[in-house]
file run-v4.cif (mmCIF, C-alpha atoms)
data_protein
loop_
_atom_site.label_atom_id
_atom_site.label_comp_id
_atom_site.auth_asym_id
_atom_site.auth_seq_id
_atom_site.Cartn_x
_atom_site.Cartn_y
_atom_site.Cartn_z
CA MET A 1 11.64 82.18 186.54
CA THR A 2 12.56 85.77 185.69
CA PRO A 3 9.83 88.39 185.17
CA ASN A 4 10.88 89.30 181.62
CA ASP A 5 7.98 87.41 180.05
CA ILE A 6 5.13 88.81 182.15
CA PRO A 7 2.36 86.34 181.15
CA ALA A 8 4.59 83.28 181.69
CA TYR A 9 6.08 84.71 184.88
CA MET A 10 2.70 85.50 186.44
CA ALA A 11 1.30 82.10 185.42
CA HIS A 12 4.27 80.49 187.19
CA VAL A 13 3.74 82.61 190.32
CA GLY A 14 0.03 81.78 190.36
CA ALA A 15 0.52 78.04 189.93
CA ALA A 16 3.18 77.97 192.65
CA ALA A 17 0.90 79.88 195.02
CA ARG A 18 -1.99 77.50 194.40
CA GLU A 19 0.22 74.48 195.10
CA ALA A 20 1.65 76.12 198.23
CA SER A 21 -1.83 76.96 199.50
CA ARG A 22 -2.68 73.26 199.67
CA ALA A 23 0.39 72.59 201.77
CA MET A 24 -0.39 75.55 204.04
CA ALA A 25 -3.98 74.37 204.54
CA ARG A 26 -2.73 71.07 205.97
CA ALA A 27 0.27 72.52 207.83
CA SER A 28 0.30 72.11 211.58
CA LEU A 29 -0.20 75.05 213.89
CA ALA A 30 3.25 74.36 215.35
CA ALA A 31 4.90 74.75 211.93
CA ARG A 32 3.01 77.94 211.12
CA ASN A 33 3.86 79.46 214.49
CA ALA A 34 7.50 78.37 214.17
CA ALA A 35 7.74 80.25 210.86
CA LEU A 36 6.36 83.40 212.48
CA VAL A 37 8.69 83.23 215.47
CA ARG A 38 11.68 82.62 213.18
CA LEU A 39 10.63 85.53 210.98
CA ALA A 40 10.60 87.83 214.01
CA GLN A 41 14.14 86.68 214.88
CA LEU A 42 15.35 87.29 211.33
CA LEU A 43 13.80 90.76 211.19
CA ARG A 44 15.78 91.73 214.27
CA ALA A 45 19.00 90.00 213.22
CA GLU A 46 19.01 91.40 209.67
CA GLN A 47 18.09 95.00 210.44
CA SER A 48 21.21 96.42 208.81
CA VAL A 49 20.65 94.45 205.58
CA LEU A 50 17.01 95.54 205.44
CA MET A 51 17.84 99.18 206.05
CA GLN A 52 20.52 99.08 203.34
CA ALA A 53 17.93 97.81 200.87
CA ASN A 54 15.53 100.47 202.06
CA ARG A 55 18.21 103.13 201.60
CA ARG A 56 18.44 102.16 197.91
CA ASP A 57 14.71 102.75 197.58
CA LEU A 58 14.91 106.07 199.42
CA ASP A 59 17.83 107.25 197.27
CA ALA A 60 15.92 106.40 194.10
CA ALA A 61 12.78 108.15 195.39
CA ASP A 62 14.28 111.48 196.40
CA ALA A 63 11.59 113.31 194.44
CA LEU A 64 8.81 111.84 196.58
CA ALA A 65 6.95 114.19 198.91
CA ALA A 66 8.00 114.04 202.55
CA PRO A 67 4.91 112.11 203.77
CA LEU A 68 5.45 109.44 201.11
CA ARG A 69 9.13 109.14 202.01
CA ASP A 70 8.15 108.66 205.64
CA ARG A 71 5.84 105.80 204.64
CA LEU A 72 8.63 104.24 202.61
CA ARG A 73 11.24 104.41 205.35
CA LEU A 74 12.30 101.35 207.37
CA ASP A 75 14.13 102.03 210.61
CA GLU A 76 14.89 100.17 213.82
CA LYS A 77 11.57 101.17 215.37
CA SER A 78 9.40 100.10 212.43
CA LEU A 79 11.28 96.80 212.05
CA ALA A 80 10.94 96.12 215.78
CA THR A 81 7.22 96.79 215.50
CA VAL A 82 6.63 94.29 212.67
CA ALA A 83 8.84 91.71 214.43
CA THR A 84 6.75 92.04 217.58
CA GLY A 85 3.63 91.78 215.43
CA CYS A 86 4.80 88.40 214.10
CA GLU A 87 5.23 87.12 217.65
CA GLN A 88 1.81 88.44 218.66
CA ILE A 89 0.17 86.67 215.72
CA ALA A 90 2.01 83.45 216.59
CA ALA A 91 0.56 83.66 220.11
CA MET A 92 -3.01 84.04 218.88
CA ALA A 93 -5.53 81.22 218.72
CA ASP A 94 -5.62 79.23 215.49
CA PRO A 95 -8.71 80.10 213.44
CA VAL A 96 -8.24 77.13 211.08
CA GLY A 97 -10.31 74.01 211.71
CA GLU A 98 -12.62 75.54 214.31
CA ILE A 99 -16.14 74.11 214.11
CA VAL A 100 -18.87 76.55 215.12
CA GLU A 101 -22.64 76.36 215.57
CA LEU A 102 -22.66 72.54 215.74
CA LYS A 103 -26.27 71.43 216.32
CA ARG A 104 -27.95 68.03 216.36
CA GLN A 105 -30.90 67.78 213.97
CA PRO A 106 -34.04 65.64 214.44
CA SER A 107 -32.60 63.12 211.97
CA GLY A 108 -29.65 62.51 214.32
CA ILE A 109 -26.97 64.21 212.23
CA GLN A 110 -24.94 67.07 213.66
CA VAL A 111 -24.57 70.10 211.38
CA GLY A 112 -22.05 72.90 211.85
CA ARG A 113 -19.56 75.05 210.01
CA MET A 114 -15.79 74.70 209.89
CA ARG A 115 -13.41 77.61 209.44
CA VAL A 116 -10.93 76.94 206.61
CA PRO A 117 -8.31 79.01 204.76
CA ILE A 118 -9.46 80.99 201.73
CA GLY A 119 -6.59 79.55 199.65
CA VAL A 120 -4.63 82.24 197.82
CA PHE A 121 -5.11 85.96 198.24
CA GLY A 122 -3.43 88.72 196.31
CA MET A 123 -2.27 91.92 197.99
CA ILE A 124 -1.61 95.07 195.96
CA TYR A 125 -0.31 97.95 198.04
CA GLU A 126 1.65 101.18 197.93
CA SER A 127 4.59 102.76 199.72
CA ARG A 128 4.70 101.05 203.11
CA PRO A 129 7.09 98.04 203.02
CA ASN A 130 5.94 97.02 206.51
CA VAL A 131 2.73 95.81 204.80
CA THR A 132 4.84 93.04 203.26
CA ILE A 133 5.41 91.53 206.71
CA GLU A 134 1.88 92.22 207.95
CA ALA A 135 0.34 90.45 204.95
CA ALA A 136 2.85 87.59 205.02
CA SER A 137 2.41 86.93 208.74
CA LEU A 138 -1.39 86.90 208.52
CA ALA A 139 -1.23 84.59 205.50
CA ILE A 140 1.05 82.15 207.32
CA LYS A 141 -1.06 82.04 210.49
CA SER A 142 -4.33 81.62 208.58
CA GLY A 143 -2.96 78.79 206.44
CA ASN A 144 -3.13 80.71 203.16
CA ALA A 145 -0.71 81.56 200.40
CA VAL A 146 -0.29 85.17 199.28
CA ILE A 147 0.98 86.92 196.16
CA LEU A 148 2.31 90.38 197.04
CA ARG A 149 2.66 93.29 194.65
CA GLY A 150 4.11 96.33 196.41
CA GLY A 151 4.75 99.78 195.03
CA SER A 152 7.61 100.25 192.59
CA GLU A 153 9.20 102.76 194.94
CA ALA A 154 9.65 100.02 197.60
CA LEU A 155 10.88 97.15 195.39
CA GLN A 156 14.32 96.66 197.00
CA SER A 157 12.88 96.80 200.51
CA ASN A 158 10.13 94.35 199.64
CA LEU A 159 12.54 91.93 197.95
CA ALA A 160 14.75 91.90 201.06
CA LEU A 161 11.77 91.41 203.39
CA THR A 162 10.28 88.64 201.25
CA ALA A 163 13.63 86.81 201.21
CA LEU A 164 13.50 86.67 205.03
CA VAL A 165 9.89 85.46 204.99
CA GLN A 166 10.76 82.66 202.57
CA ARG A 167 13.78 81.69 204.65
CA ALA A 168 11.58 81.44 207.75
CA LEU A 169 9.08 79.29 205.84
CA ARG A 170 11.81 76.93 204.60
CA GLU A 171 13.30 76.53 208.07
CA ALA A 172 9.84 75.68 209.44
CA GLY A 173 9.35 73.02 206.77
CA LEU A 174 6.77 75.03 204.84
CA PRO A 175 6.80 75.94 201.13
CA GLU A 176 8.52 79.25 200.47
CA GLU A 177 6.08 79.84 197.60
CA ALA A 178 3.41 80.46 200.23
CA VAL A 179 4.62 84.06 200.21
CA GLN A 180 5.73 85.44 196.84
CA LEU A 181 6.52 88.97 195.75
CA VAL A 182 5.91 90.03 192.16
CA ALA A 183 9.51 90.97 191.40
CA THR A 184 8.89 93.54 188.70
CA THR A 185 7.70 97.12 188.52
CA ASP A 186 6.02 96.49 185.16
CA ARG A 187 2.39 97.57 185.54
CA ALA A 188 1.36 94.80 183.15
CA ALA A 189 2.00 92.36 185.99
CA VAL A 190 -0.84 93.95 187.97
CA GLY A 191 -3.21 93.47 185.05
CA ARG A 192 -2.25 89.80 184.78
CA LEU A 193 -2.63 89.28 188.53
CA LEU A 194 -6.14 90.75 188.46
CA ALA A 195 -7.08 88.35 185.64
CA MET A 196 -6.02 85.11 187.36
CA PRO A 197 -9.10 83.73 189.16
CA GLU A 198 -7.76 80.22 188.62
CA SER A 199 -4.84 81.10 190.91
CA VAL A 200 -6.14 83.85 193.21
CA ASP A 201 -9.30 83.53 195.30
CA VAL A 202 -9.50 87.05 196.75
CA MET A 203 -7.78 90.35 195.94
CA ILE A 204 -7.00 92.96 198.60
CA PRO A 205 -5.91 96.43 197.47
CA ARG A 206 -4.40 98.76 200.06
CA GLY A 207 -3.54 102.26 198.97
CA GLY A 208 -4.98 105.34 197.34
CA LYS A 209 -8.42 105.67 195.81
CA SER A 210 -7.16 105.34 192.21
CA LEU A 211 -5.50 102.00 193.00
CA ILE A 212 -8.59 100.63 194.71
CA GLU A 213 -10.85 101.81 191.89
CA ARG A 214 -8.62 100.09 189.31
CA VAL A 215 -8.55 96.83 191.25
CA SER A 216 -12.32 96.92 191.79
CA ALA A 217 -12.93 97.53 188.08
CA GLU A 218 -10.51 94.97 186.66
CA ALA A 219 -10.36 92.12 189.18
CA ARG A 220 -11.97 88.85 188.05
CA MET A 221 -12.11 87.58 191.61
CA PRO A 222 -13.80 88.97 194.75
CA VAL A 223 -12.19 92.09 196.22
CA ILE A 224 -11.95 93.05 199.90
CA LYS A 225 -11.69 96.84 199.94
CA HIS A 226 -12.93 100.22 201.00
CA LEU A 227 -12.84 103.24 198.74
CA ASP A 228 -13.39 106.12 201.17
CA GLY A 229 -13.39 106.81 204.88
CA ASN A 230 -15.94 109.61 205.31
CA CYS A 231 -16.49 108.90 209.00
CA HIS A 232 -19.11 110.82 211.01
CA VAL A 233 -19.46 111.88 214.62
CA TYR A 234 -23.02 112.76 215.66
CA VAL A 235 -23.59 114.71 218.89
CA ASP A 236 -27.08 113.86 220.06
CA ALA A 237 -29.65 116.01 221.90
CA GLU A 238 -28.90 114.37 225.26
CA VAL A 239 -25.15 114.14 225.73
CA ASP A 240 -22.31 114.56 228.21
CA LEU A 241 -20.74 117.70 226.76
CA GLU A 242 -17.29 117.13 228.27
CA MET A 243 -17.18 113.65 226.81
CA ALA A 244 -18.53 114.84 223.47
CA VAL A 245 -15.86 117.54 223.14
CA ALA A 246 -13.05 115.13 224.06
CA VAL A 247 -14.21 112.32 221.77
CA THR A 248 -14.87 114.61 218.80
CA ASP A 249 -11.43 116.19 219.20
CA ASN A 250 -9.76 112.77 219.32
CA ALA A 251 -11.73 111.44 216.37
CA LYS A 252 -10.61 114.33 214.18
CA THR A 253 -7.19 115.47 215.40
CA GLN A 254 -5.43 112.47 216.98
CA LYS A 255 -4.17 111.81 213.45
CA PHE A 256 -5.50 113.39 210.28
CA SER A 257 -4.43 110.90 207.60
CA PRO A 258 -6.01 107.52 208.59
CA CYS A 259 -9.21 106.33 207.00
CA ASN A 260 -10.90 106.15 210.43
CA ALA A 261 -10.40 109.83 211.28
CA ALA A 262 -13.65 111.80 211.50
CA GLU A 263 -14.36 113.89 208.41
CA SER A 264 -17.93 115.01 209.20
CA LEU A 265 -19.51 116.38 212.37
CA LEU A 266 -23.27 116.44 212.92
CA VAL A 267 -24.67 118.27 215.96
CA HIS A 268 -28.24 118.23 217.24
CA ALA A 269 -29.77 121.72 217.27
CA ARG A 270 -30.38 121.46 221.02
CA GLN A 271 -26.63 121.25 221.72
CA ALA A 272 -25.23 123.31 218.86
CA ALA A 273 -25.07 126.70 220.60
CA VAL A 274 -23.02 125.28 223.47
CA PHE A 275 -21.05 122.50 221.77
CA LEU A 276 -19.95 124.13 218.53
CA PRO A 277 -18.11 127.14 220.04
CA ARG A 278 -16.23 124.77 222.36
CA ILE A 279 -15.12 122.33 219.70
CA GLY A 280 -14.58 125.25 217.34
CA ALA A 281 -12.03 126.78 219.71
CA ILE A 282 -10.15 123.47 219.86
CA PHE A 283 -10.19 123.10 216.10
CA ALA A 284 -9.03 126.70 215.71
CA ALA A 285 -6.04 126.04 218.00
CA LYS A 286 -5.14 122.94 215.96
CA GLY A 287 -5.55 124.53 212.54
CA VAL A 288 -8.64 122.58 211.49
CA GLN A 289 -10.82 124.25 208.88
CA MET A 290 -14.57 123.84 209.39
CA ARG A 291 -16.81 123.73 206.32
CA CYS A 292 -20.26 124.51 207.67
CA ASP A 293 -23.91 124.68 206.84
CA ALA A 294 -25.61 128.02 207.55
CA ALA A 295 -26.58 127.21 211.15
CA ALA A 296 -23.13 125.94 212.11
CA LEU A 297 -21.39 128.83 210.34
CA ALA A 298 -23.43 131.37 212.34
CA LEU A 299 -22.30 129.76 215.61
CA LEU A 300 -18.62 129.36 214.64
CA THR A 301 -17.91 132.65 212.88
CA GLY A 302 -17.34 134.48 216.16
CA VAL A 303 -14.95 131.90 217.65
CA PRO A 304 -11.48 133.57 217.92
CA GLY A 305 -9.12 132.21 215.27
CA ALA A 306 -11.70 129.83 213.81
CA ASP A 307 -11.33 128.98 210.12
CA ALA A 308 -15.04 128.50 209.37
CA ILE A 309 -16.36 128.74 205.82
CA ALA A 310 -19.55 127.79 204.01
CA ALA A 311 -19.68 124.17 202.91
CA GLN A 312 -20.20 123.17 199.30
CA PRO A 313 -22.53 120.25 198.47
CA SER A 314 -19.50 118.03 197.77
CA ASP A 315 -18.17 118.55 201.30
CA TRP A 316 -20.77 116.26 202.88
CA ALA A 317 -19.28 113.20 201.11
CA GLU A 318 -15.60 114.19 201.18
CA GLU A 319 -12.75 112.21 202.72
CA TYR A 320 -10.24 114.97 203.48
CA LEU A 321 -7.37 113.08 205.16
CA ALA A 322 -6.36 116.55 206.27
CA PRO A 323 -7.17 119.18 208.96
CA ILE A 324 -10.60 119.87 207.46
CA ILE A 325 -14.01 118.78 208.72
CA SER A 326 -17.56 119.36 207.50
CA VAL A 327 -20.02 120.55 210.16
CA LYS A 328 -23.82 120.46 210.04
CA VAL A 329 -26.58 121.16 212.55
CA VAL A 330 -29.44 118.63 212.41
CA ALA A 331 -32.92 118.76 213.89
CA SER A 332 -33.24 115.12 214.91
CA LEU A 333 -31.70 111.67 215.16
CA ASP A 334 -33.68 110.73 212.05
CA GLU A 335 -32.02 113.52 210.08
CA ALA A 336 -28.58 112.49 211.34
CA ILE A 337 -29.07 108.84 210.34
CA ALA A 338 -30.45 109.80 206.93
CA HIS A 339 -27.53 112.18 206.30
CA ILE A 340 -24.94 109.54 207.24
CA ASN A 341 -26.53 106.83 205.11
CA GLN A 342 -26.78 109.20 202.14
CA HIS A 343 -23.34 110.84 202.29
CA GLY A 344 -21.20 108.43 204.30
CA SER A 345 -18.82 105.83 202.93
CA HIS A 346 -20.13 103.00 205.19
CA HIS A 347 -16.79 102.85 207.01
CA THR A 348 -17.17 104.06 210.63
CA ASP A 349 -19.70 106.33 212.31
CA ALA A 350 -20.26 107.26 215.96
CA ILE A 351 -23.06 108.66 218.10
CA LEU A 352 -22.33 110.54 221.31
CA THR A 353 -25.42 110.30 223.51
CA ARG A 354 -26.93 109.59 226.92
CA ASP A 355 -30.11 108.23 225.34
CA HIS A 356 -29.98 104.42 225.25
CA ALA A 357 -32.87 104.14 222.78
CA HIS A 358 -31.14 106.58 220.41
CA ALA A 359 -27.88 104.65 220.72
CA MET A 360 -29.60 101.36 219.83
CA ARG A 361 -31.39 102.94 216.86
CA PHE A 362 -28.09 104.36 215.60
CA LEU A 363 -26.42 100.94 215.88
CA ARG A 364 -29.25 99.24 213.98
CA GLU A 365 -29.95 101.83 211.31
CA VAL A 366 -26.58 103.31 210.33
CA ASP A 367 -25.37 101.19 207.41
CA SER A 368 -21.65 101.09 208.15
CA ALA A 369 -18.98 98.47 208.80
CA SER A 370 -18.26 99.88 212.27
CA VAL A 371 -20.86 101.76 214.32
CA MET A 372 -19.91 103.21 217.70
CA VAL A 373 -21.56 104.65 220.79
CA ASN A 374 -19.62 107.20 222.87
CA ALA A 375 -16.25 106.26 221.36
CA SER A 376 -13.79 107.79 218.90
CA THR A 377 -13.90 106.60 215.31
CA ARG A 378 -10.13 106.18 215.58
CA PHE A 379 -10.79 102.86 217.35
CA ALA A 380 -11.86 101.29 214.02
CA ASP A 381 -8.67 99.25 213.73
CA GLY A 382 -7.82 95.57 213.82
CA PHE A 383 -5.39 95.91 216.72
CA GLU A 384 -7.85 97.97 218.78
CA TYR A 385 -10.59 95.42 218.05
CA GLY A 386 -8.42 92.62 219.43
CA LEU A 387 -7.70 91.05 216.04
CA GLY A 388 -3.93 91.25 216.60
CA ALA A 389 -3.39 92.77 213.16
CA GLU A 390 -5.40 93.62 210.08
CA ILE A 391 -4.94 93.10 206.38
CA GLY A 392 -7.20 96.07 205.65
CA ILE A 393 -10.72 97.40 206.22
CA SER A 394 -13.73 96.33 204.20
CA THR A 395 -16.89 98.34 203.60
CA ASP A 396 -18.43 95.50 201.59
CA LYS A 397 -21.26 93.48 203.12
CA LEU A 398 -20.32 89.98 201.99
CA HIS A 399 -17.68 87.79 203.64
CA ALA A 400 -15.61 90.35 205.56
CA ARG A 401 -16.79 93.72 206.88
CA GLY A 402 -14.80 96.22 208.90
CA PRO A 403 -11.22 95.47 210.00
CA VAL A 404 -10.09 92.19 208.39
CA GLY A 405 -7.89 90.02 210.58
CA LEU A 406 -7.21 86.29 210.71
CA GLU A 407 -10.87 85.25 210.61
CA GLY A 408 -11.41 87.49 207.58
CA LEU A 409 -8.80 85.41 205.73
CA THR A 410 -10.80 82.25 206.30
CA SER A 411 -14.06 80.94 204.94
CA LEU A 412 -16.76 78.74 206.46
CA LYS A 413 -17.88 75.44 204.98
CA TRP A 414 -20.71 73.25 206.19
CA VAL A 415 -19.75 70.00 207.91
CA VAL A 416 -22.09 67.13 208.80
CA LEU A 417 -21.25 64.53 211.46
CA GLY A 418 -23.28 61.37 211.41
CA ASP A 419 -23.38 57.78 212.64
CA GLY A 420 -24.99 56.00 209.70
CA GLU A 421 -28.18 58.06 209.59
CA LEU A 422 -30.31 57.68 206.43
CA ARG A 423 -32.65 60.30 205.03
CA ARG A 424 -36.25 59.09 205.15
#

call {"tool": "encode", "arguments": {"input": "run-v4.cif", "output": "structure tokens"}}
result
Amino acid sequence: MTPNDIPAYMAHVGAAAREASRAMARASLAARNAALVRLAQLLRAEQSVLMQANRRDLDAADALAAPLRDRLRLDEKSLATVATGCEQIAAMADPVGEIVELKRQPSGIQVGRMRVPIGVFGMIYESRPNVTIEAASLAIKSGNAVILRGGSEALQSNLALTALVQRALREAGLPEEAVQLVATTDRAAVGRLLAMPESVDVMIPRGGKSLIERVSAEARMPVIKHLDGNCHVYVDAEVDLEMAVAVTDNAKTQKFSPCNAAESLLVHARQAAVFLPRIGAIFAAKGVQMRCDAAALALLTGVPGADAIAAQPSDWAEEYLAPIISVKVVASLDEAIAHINQHGSHHTDAILTRDHAHAMRFLREVDSASVMVNASTRFADGFEYGLGAEIGISTDKLHARGPVGLEGLTSLKWVVLGDGELRR
């Protein structure tokens, strides 16, 4: 069906996805893995075709800013990376059908929970066509169907990639409708997709804040999402200064644009006079602006080359995605935890400390999806967590929280195993 009649087209896509999800739920692990391995082969064999399609997108998007064009670009390296990712996911353990927490009750029955596919998830994303393969491969392995809606600037690339995914599914004996791309740039299709709870069980937006806000506001099904990544590093009163300097530097400057980069730095007053000039010199050399409270500003103003200015109230909650960091001196662990819970985005926060009791309090009391002790916030990533790949990061508290991998695309249902027991 062509996408000229948006309501009819989206209804067709949704019905096909629901039917395919039932076939995927009963598909063997061997078939799902075979599709992934074949997809990896096709990605390598069809590189020239994929890059030609990508070139059409790039030519049509010549007005895009350089960072956005970089995200849009497919080259040999990026295609090799997603191909390898398919093989890595194929090699992972199957999450589907696992029974956990099986316990025998006094009545004689055994009660546990079985991990099962969610069914159909929708994925709305921007710019990066590699997300098409990441989402498709995770859907295949987890026994789900997926409806993909990529950015209009990547339509030709995504069509070419989806054609390979569907070919791999067919050759493995699986329904090609398990992975479908919304083949139109008409924004009305997004509205229809968000209003199809009969066809889509979960929606996952991946992109800028405006996209995620729209999906959160309009979706009639649950949404797995995070809006902001205002991640904190807190340097405690008792700390290894060398480690603290190295970890803080990595958390902020290893890469500025990811959602797990540190955006806020809190330093205990006991360490501020020593720590802040040291990290300030590093930030100065790397062009990082520091937006400071009065105590931090007094300690950083004299650092050669430092770009230190007074913070505004809005800075404490800001996700910069840029060489900017807010800096505040705090009097206690209590103040640090309260500041993070008030101004943070519940994404990822880290404490750098030698005090075990403080570390345990931070882990318990900071209300974030990932909480770290003596580690860079940049580790908040599905691959680094051993998930193989991630579909996104969730700051919600229900179902999935933090990096969402294969298990996040499954649900748990109760199962009861008996041998004729009767309730008395």

call {"tool": "closest_residue", "arguments": {"input": "run-v4.cif", "among": "A:Gly150, A:Asp367, A:Gly287, A:Ile351", "to": "Ile124 of chain A", "atoms": "only C-alpha atoms"}}
result
A:Gly150

call {"tool": "resolve_selection", "arguments": {"input": "run-v4.cif", "expression": "the PyMOL selection byres ((chain A and resi 56) around 12)", "output": "list in words"}}
result
Val49, Leu50, Met51, Gln52, Ala53, Asn54, Arg55, Asp57, Leu58, Asp59, Ala60, Ala61, Asp62, Leu72, Arg73, Leu74, Glu153, Ala154, Leu155, Gln156, Ser157, Asn158, Leu159 and Ala160 of chain A

call {"tool": "write_last_selection", "arguments": {"input": "run-v4.cif", "atoms": "C-alpha atoms", "output": "short mmCIF file (atom, residue, chain, number, x, y, z; two decimals), in the coordinates of the input"}}
result
data_model
loop_
_atom_site.label_atom_id
_atom_site.label_comp_id
_atom_site.auth_asym_id
_atom_site.auth_seq_id
_atom_site.Cartn_x
_atom_site.Cartn_y
_atom_site.Cartn_z
CA VAL A 49 20.65 94.45 205.58
CA LEU A 50 17.01 95.54 205.44
CA MET A 51 17.84 99.18 206.05
CA GLN A 52 20.52 99.08 203.34
CA ALA A 53 17.93 97.81 200.87
CA ASN A 54 15.53 100.47 202.06
CA ARG A 55 18.21 103.13 201.60
CA ASP A 57 14.71 102.75 197.58
CA LEU A 58 14.91 106.07 199.42
CA ASP A 59 17.83 107.25 197.27
CA ALA A 60 15.92 106.40 194.10
CA ALA A 61 12.78 108.15 195.39
CA ASP A 62 14.28 111.48 196.40
CA LEU A 72 8.63 104.24 202.61
CA ARG A 73 11.24 104.41 205.35
CA LEU A 74 12.30 101.35 207.37
CA GLU A 153 9.20 102.76 194.94
CA ALA A 154 9.65 100.02 197.60
CA LEU A 155 10.88 97.15 195.39
CA GLN A 156 14.32 96.66 197.00
CA SER A 157 12.88 96.80 200.51
CA ASN A 158 10.13 94.35 199.64
CA LEU A 159 12.54 91.93 197.95
CA ALA A 160 14.75 91.90 201.06
#

call {"tool": "residues_around", "arguments": {"input": "run-v4.cif", "residues": "segment 114-117 of chain A", "least_positions_apart": "6", "cutoff": "6 Å", "atoms": "all atoms listed in the file", "output": "number ranges by chain"}}
result
A: 96-99, 143-144, 410-413

call {"tool": "residues_around", "arguments": {"input": "run-v4.cif", "residues": "segment 16-25 of chain A", "least_positions_apart": "4", "cutoff": "10 Å", "atoms": "all atoms listed in the file", "output": "ChimeraX atom specification"}}
result
/A:10-12,29,31-32,96-97,116-122,139-147,174-180,198-201

call {"tool": "write_last_selection", "arguments": {"input": "run-v4.cif", "atoms": "C-alpha atoms", "output": "mmCIF file, in the frame of the given file"}}
result
data_model
loop_
_atom_site.group_PDB
_atom_site.id
_atom_site.type_symbol
_atom_site.label_atom_id
_atom_site.label_comp_id
_atom_site.auth_asym_id
_atom_site.auth_seq_id
_atom_site.Cartn_x
_atom_site.Cartn_y
_atom_site.Cartn_z
ATOM 1 C CA MET A 10 2.700 85.500 186.440
ATOM 2 C CA ALA A 11 1.300 82.100 185.420
ATOM 3 C CA HIS A 12 4.270 80.490 187.190
ATOM 4 C CA LEU A 29 -0.200 75.050 213.890
ATOM 5 C CA ALA A 31 4.900 74.750 211.930
ATOM 6 C CA ARG A 32 3.010 77.940 211.120
ATOM 7 C CA VAL A 96 -8.240 77.130 211.080
ATOM 8 C CA GLY A 97 -10.310 74.010 211.710
ATOM 9 C CA VAL A 116 -10.930 76.940 206.610
ATOM 10 C CA PRO A 117 -8.310 79.010 204.760
ATOM 11 C CA ILE A 118 -9.460 80.990 201.730
ATOM 12 C CA GLY A 119 -6.590 79.550 199.650
ATOM 13 C CA VAL A 120 -4.630 82.240 197.820
ATOM 14 C CA PHE A 121 -5.110 85.960 198.240
ATOM 15 C CA GLY A 122 -3.430 88.720 196.310
ATOM 16 C CA ALA A 139 -1.230 84.590 205.500
ATOM 17 C CA ILE A 140 1.050 82.150 207.320
ATOM 18 C CA LYS A 141 -1.060 82.040 210.490
ATOM 19 C CA SER A 142 -4.330 81.620 208.580
ATOM 20 C CA GLY A 143 -2.960 78.790 206.440
ATOM 21 C CA ASN A 144 -3.130 80.710 203.160
ATOM 22 C CA ALA A 145 -0.710 81.560 200.400
ATOM 23 C CA VAL A 146 -0.290 85.170 199.280
ATOM 24 C CA ILE A 147 0.980 86.920 196.160
ATOM 25 C CA LEU A 174 6.770 75.030 204.840
ATOM 26 C CA PRO A 175 6.800 75.940 201.130
ATOM 27 C CA GLU A 176 8.520 79.250 200.470
ATOM 28 C CA GLU A 177 6.080 79.840 197.600
ATOM 29 C CA ALA A 178 3.410 80.460 200.230
ATOM 30 C CA VAL A 179 4.620 84.060 200.210
ATOM 31 C CA GLN A 180 5.730 85.440 196.840
ATOM 32 C CA GLU A 198 -7.760 80.220 188.620
ATOM 33 C CA SER A 199 -4.840 81.100 190.910
ATOM 34 C CA VAL A 200 -6.140 83.850 193.210
ATOM 35 C CA ASP A 201 -9.300 83.530 195.300
#

call {"tool": "closest_residue", "arguments": {"input": "run-v4.cif", "among": "A:Gly305, A:Gly229, A:Gly208, A:Gly280", "to": "His346 of chain A", "atoms": "all atoms listed in the file"}}
result
A:Gly229

call {"tool": "closest_residue", "arguments": {"input": "run-v4.cif", "among": "A:Gly108, A:Gly173, A:Pro129, A:Pro3", "to": "Ala30 of chain A", "atoms": "only C-alpha atoms"}}
result
A:Gly173

call {"tool": "resolve_selection", "arguments": {"input": "run-v4.cif", "expression": "the PyMOL selection byres ((chain A and resi 241) around 12)", "output": "ChimeraX atom specification"}}
result
/A:235-240,242-248,267,270-279,352-354,374

call {"tool": "atom_distance", "arguments": {"input": "run-v4.cif", "atom1": "atom CA of Ala331 of chain A", "atom2": "atom CA of Ala359 of chain A"}}
result
16.5 Å

call {"tool": "residues_around", "arguments": {"input": "run-v4.cif", "residues": "Glu76 of chain A", "least_positions_apart": "6", "cutoff": "9 Å", "atoms": "only C-alpha atoms", "output": "mmCIF file with C-alpha atoms, keeping the file's coordinate frame"}}
result
data_model
loop_
_atom_site.group_PDB
_atom_site.id
_atom_site.type_symbol
_atom_site.label_atom_id
_atom_site.label_comp_id
_atom_site.auth_asym_id
_atom_site.auth_seq_id
_atom_site.Cartn_x
_atom_site.Cartn_y
_atom_site.Cartn_z
ATOM 1 C CA ARG A 44 15.780 91.730 214.270
ATOM 2 C CA GLN A 47 18.090 95.000 210.440
ATOM 3 C CA SER A 48 21.210 96.420 208.810
ATOM 4 C CA MET A 51 17.840 99.180 206.050
#

call {"tool": "resolve_selection", "arguments": {"input": "run-v4.cif", "expression": "the PyMOL selection byres ((chain A and resi 380-396) around 10)", "output": "PyMOL selection string"}}
result
chain A and resi 85-86+88-92+123+131+134-139+204-207+223-229+259-261+345-349+367-372+375-379+397-409

call {"tool": "closest_residue", "arguments": {"input": "run-v4.cif", "among": "A:Ala63, A:Leu148, A:Ala80, A:Ala217", "to": "Leu193 of chain A", "atoms": "all atoms listed in the file"}}
result
A:Leu148
